[in-house]
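Engineer: Here it is, the structure in full.
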Amino acid sequence: MAFLEAKNLSHHFFTEQQATTALEQVNFTVAEGEFVSFLGPSGCGKSTLLSLLAGLMEPTNGTIHFAGQNVEIGYMLQQDFLFPWKTIEDNVALGLTILKKENREIVDELLEQFQLSHTKKLFPPQLSGGMRQRIALARTLAVKPALLLLDEPFSALDFRSKLTLENFVADTLKQFSTTTILVTHDISEAIAMSDKVFIFSARPGTIVKSFIIPQEIRELTPFEARNAPAFQVLFQEIWEELDTDED
């Protein structure tokens with residue numbers, strides 16, 4: 001049985017002047033522990049899909065079904081949204097505090113695992129963008145989510161920091177066996193990090209094709225994957241699929 005199943009998802013936004021269809025008849029499944037990416041042009045409804053999965057909005061039509069009850073969901077955005085007046089350890093503990101599960105041992109363990117123990121008494125403005133995103137990930141994982149939603153979390157970083165963080169996130173999520181959904185418009189990122197990639201059409205967004213990432217790529221780090229022969233072949237296939245859809 002799938003960990004997550006979406007059936008016939010459609011979503012419309014209404015104003016006094018018009019109705020806009022963001023998503024139309026979206027169907028997919030995600031297995032437990034799987035890392036999947038949704039890839040498509042800007043404005044195709046990828047972020048809307050994450051909001052529906054996170055329960056921030058109800059779909060206009062269709063259903064979202066989780067295999068378990070009360071699934072804890074973590075949501076990591078493009079911006080880190082760390083509180084600049086709180087220390088790093090207090091930022092990491094934020095979700096635990098809100099859920100009244102505060103446990104400083106978990107915070108210390110995560111900071112040590114992320115090689116950021118030396119930052120616990122510092123404040124976010126004292127850290128680089130890449131380190132802040134690692135802190136944001138630690139904060140998200142502190143509540144032990146069964147599903148992690150990533151909304152273009154690396155797009156604000158320079159290329160070197162982006163590749164470093166991709167490697168770090170991929171390795172960390174494998175250790176935690178966290179089911180993960182990433183939305184991005186970066187083909188290389190989607191291929192390098194995922195087990196499966198779903199291609200979205202332009203708005204209204206719907207899934208037009210899916211690609212299973214070959215095992216020879218999945219066994220590599222995201223940085224190493226970009227140099228694999230199979231990577232370039234798959235990149236070209238996805239590029240052509242996106243180009244065809246835009247036409």
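As shown in the structure tokens, the chain order sets the letters A, B, ...; within each chain, residues go from 1, and ligands are also counted from 1 in the order they appear.
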List as a list in words the protein and nucleic acid residues near Gln79 of chain A, meaning an atom at most 10 Å away when only C-alpha atoms are counted, but skip any in the same chain fewer than 4 places from it.

Structural biologist: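 Close residues of Gln79 of chain A: Gly129, Arg132, Gln133, Ala136, Asp151, Glu152, Pro153, Phe154, Ser155 and Ala156 of chain A.
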
Engineer: Write out as a PyMOL selection string which residues come within 9 Å of Ala170 of chain A when counting only C-alpha atoms, dropping same-chain ones fewer than 5 positions away.

Structural biologist: chain A and resi 165+175+193-194+221-222

Engineer: Could you write out the selected residues, including C-alpha atoms, as a PDB file, in the first residue's frame?

Structural biologist:
ATOM      1  CA  LEU A 165      23.563  21.365   0.644  1.00  0.00           C
ATOM      2  CA  GLN A 175      19.699   8.200   7.320  1.00  0.00           C
ATOM      3  CA  MET A 193      18.199  13.866  -5.608  1.00  0.00           C
ATOM      4  CA  SER A 194      15.185  11.748  -6.500  1.00  0.00           C
ATOM      5  CA  THR A 221      25.703  11.679  -4.239  1.00  0.00           C
ATOM      6  CA  PRO A 222      23.877  14.505  -6.053  1.00  0.00           C
TER       7      PRO A 222
END

Engineer: At what distance in Å, to one decimal, does atom CA of Glu109 of chain A lie from atom CA of Asn167 of chain A?

Structural biologist: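 Between these atoms lies a distance of 19.8 Å.
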
Engineer: Which residues in chain A does DSSP call helix (DSSP H, G or I)? List them as a PyMOL selection string.

Structural biologist: chain A and resi 46-53+88-92+94-98+104-113+117-119+124-126+129-141+159-176+187-193+215-218+222-225+229-246

Engineer: Go ahead and dump the residues you just picked, C-alpha atoms, as a CSV table (one decimal), in the first residue's frame.

Structural biologist:
chain,number,residue,atom,x,y,z
A,46,LYS,CA,3.8,22.9,-7.7
A,47,SER,CA,3.7,25.0,-4.6
A,48,THR,CA,-0.1,24.8,-4.5
A,49,LEU,CA,0.2,21.0,-4.5
A,50,LEU,CA,2.5,21.2,-1.5
A,51,SER,CA,0.0,23.4,0.4
A,52,LEU,CA,-2.7,20.8,-0.3
A,53,LEU,CA,-0.5,18.0,0.9
A,88,ILE,CA,20.3,28.6,16.8
A,89,GLU,CA,19.4,26.0,19.5
A,90,ASP,CA,16.1,27.9,20.2
A,91,ASN,CA,15.3,28.0,16.5
A,92,VAL,CA,15.9,24.3,16.1
A,94,LEU,CA,10.9,25.8,17.9
A,95,GLY,CA,8.7,23.1,16.4
A,96,LEU,CA,9.2,20.9,19.5
A,97,THR,CA,8.2,23.9,21.7
A,98,ILE,CA,5.0,24.5,19.7
A,104,ARG,CA,17.0,19.7,24.2
A,105,GLU,CA,18.8,16.3,23.8
A,106,ILE,CA,17.2,16.0,20.4
A,107,VAL,CA,18.3,19.5,19.5
A,108,ASP,CA,21.9,18.8,20.7
A,109,GLU,CA,22.0,15.5,18.8
A,110,LEU,CA,20.8,17.1,15.5
A,111,LEU,CA,23.3,20.0,15.8
A,112,GLU,CA,26.1,17.5,16.4
A,113,GLN,CA,25.0,15.3,13.5
A,117,SER,CA,27.2,22.2,17.5
A,118,HIS,CA,29.5,25.3,17.6
A,119,THR,CA,26.7,27.5,16.4
A,124,PRO,CA,21.0,33.4,12.4
A,125,PRO,CA,22.5,36.7,11.0
A,126,GLN,CA,25.9,35.3,12.1
A,129,GLY,CA,23.0,31.1,3.8
A,130,GLY,CA,23.9,27.4,3.5
A,131,MET,CA,24.3,27.0,7.2
A,132,ARG,CA,21.0,28.7,7.8
A,133,GLN,CA,19.3,26.2,5.5
A,134,ARG,CA,20.9,23.3,7.4
A,135,ILE,CA,19.5,24.8,10.6
A,136,ALA,CA,16.1,25.1,9.0
A,137,LEU,CA,16.3,21.4,8.0
A,138,ALA,CA,17.4,20.4,11.6
A,139,ARG,CA,14.4,22.4,12.9
A,140,THR,CA,12.1,20.5,10.5
A,141,LEU,CA,13.5,17.1,11.3
A,159,PHE,CA,25.8,27.2,-7.0
A,160,ARG,CA,28.6,25.9,-4.7
A,161,SER,CA,26.5,26.1,-1.6
A,162,LYS,CA,23.6,24.6,-3.4
A,163,LEU,CA,25.5,21.5,-4.5
A,164,THR,CA,27.0,21.1,-1.0
A,165,LEU,CA,23.6,21.4,0.6
A,166,GLU,CA,22.0,18.9,-1.9
A,167,ASN,CA,24.6,16.3,-0.8
A,168,PHE,CA,24.0,17.0,2.8
A,169,VAL,CA,20.2,16.9,2.6
A,170,ALA,CA,20.2,13.7,0.5
A,171,ASP,CA,22.6,11.9,2.9
A,172,THR,CA,20.6,13.1,5.9
A,173,LEU,CA,17.2,12.0,4.6
A,174,LYS,CA,18.6,8.6,3.7
A,175,GLN,CA,19.7,8.2,7.3
A,176,PHE,CA,16.3,9.3,8.6
A,187,ILE,CA,16.1,19.5,-13.9
A,188,SER,CA,19.6,18.6,-12.6
A,189,GLU,CA,18.5,18.9,-9.0
A,190,ALA,CA,15.4,16.7,-9.6
A,191,ILE,CA,17.4,14.0,-11.2
A,192,ALA,CA,20.3,14.1,-8.8
A,193,MET,CA,18.2,13.9,-5.6
A,215,GLN,CA,19.8,2.9,-9.7
A,216,GLU,CA,23.2,3.8,-11.0
A,217,ILE,CA,22.4,7.4,-10.4
A,218,ARG,CA,20.5,6.9,-7.1
A,222,PRO,CA,23.9,14.5,-6.1
A,223,PHE,CA,27.2,16.0,-7.0
A,224,GLU,CA,28.6,12.8,-8.4
A,225,ALA,CA,25.3,11.9,-10.1
A,229,PRO,CA,26.6,8.9,-18.3
A,230,ALA,CA,23.0,8.0,-17.6
A,231,PHE,CA,22.4,11.5,-16.0
A,232,GLN,CA,23.0,13.3,-19.3
A,233,VAL,CA,20.7,10.9,-21.2
A,234,LEU,CA,17.9,11.4,-18.7
A,235,PHE,CA,18.4,15.2,-18.6
A,236,GLN,CA,17.9,15.3,-22.3
A,237,GLU,CA,14.7,13.2,-22.2
A,238,ILE,CA,13.2,15.4,-19.4
A,239,TRP,CA,14.3,18.6,-21.2
A,240,GLU,CA,12.6,17.5,-24.4
A,241,GLU,CA,9.4,16.6,-22.5
A,242,LEU,CA,9.3,20.0,-20.8
A,243,ASP,CA,10.1,21.7,-24.1
A,244,THR,CA,7.3,19.8,-25.9
A,245,ASP,CA,4.8,20.7,-23.2
A,246,GLU,CA,5.6,24.4,-23.4

Engineer: With only C-alpha atoms as the atoms that count, which of A:Phe211, A:Phe3, A:Phe198, A:Phe123 lies nearest to Ser37 of chain A?

Structural biologist: A:Phe198

Engineer: When you look at Glu72 of chain A with a cut-off of 12 Å (counting only C-alpha atoms), what residues show up, excluding the ones that are within fewer than 6 positions of it in the same chain? I need them as a list of chain:residue names.

Structural biologist: A:Leu53, A:Ala54, A:Gly55, A:Phe66, A:Gly95, A:Leu99, A:Thr140, A:Leu141, A:Ala142, A:Val143, A:Lys144, A:Pro145, A:Ala146, A:Leu147, A:Leu148, A:Leu149, A:Thr178, A:Thr179

Engineer: Quick one: residues within 7 Å of segment 41-44 of chain A, only C-alpha atoms counted, chain neighbours fewer than 3 positions away excluded, as a ChimeraX atom specification?

Structural biologist: /A:22,185,200-205

Engineer: For the structure I just gave you, how does DSSP split segment 3-52 of chain A - specifically, which residues are strand (DSSP E or B)? Reply as a PyMOL selection string.

Structural biologist: chain A and resi 4-14+19-30+35-39

Engineer: Mind checking which residues fall within 7 Å of Ile199 of chain A, counting only C-alpha atoms, ignoring those fewer than 6 positions away in the same chain, and posting them as JSON, numbers by chain?

Structural biologist: {"A": [38, 39, 40, 207, 208, 209, 210]}

Engineer: Report, in Å with one decimal, the straight-line distance from atom CA of Gln78 of chain A to atom CA of Asp186 of chain A.

Structural biologist: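 Taking atom CA of Gln78 of chain A and atom CA of Asp186 of chain A, their separation equals 13.5 Å.
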
Engineer: Interatomic distance between atom CA of Ser10 of chain A and atom CA of Thr206 of chain A?

Structural biologist: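 Taking atom CA of Ser10 of chain A as the start and atom CA of Thr206 of chain A as the end point, the length is 8.8 Å.
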
Engineer: For a quick check of understanding, using only C-alpha atoms, which of A:Ile73, A:Ala228, A:Ala93, A:Val30 has the smallest distance to Asp195 of chain A?

Structural biologist: A:Val30
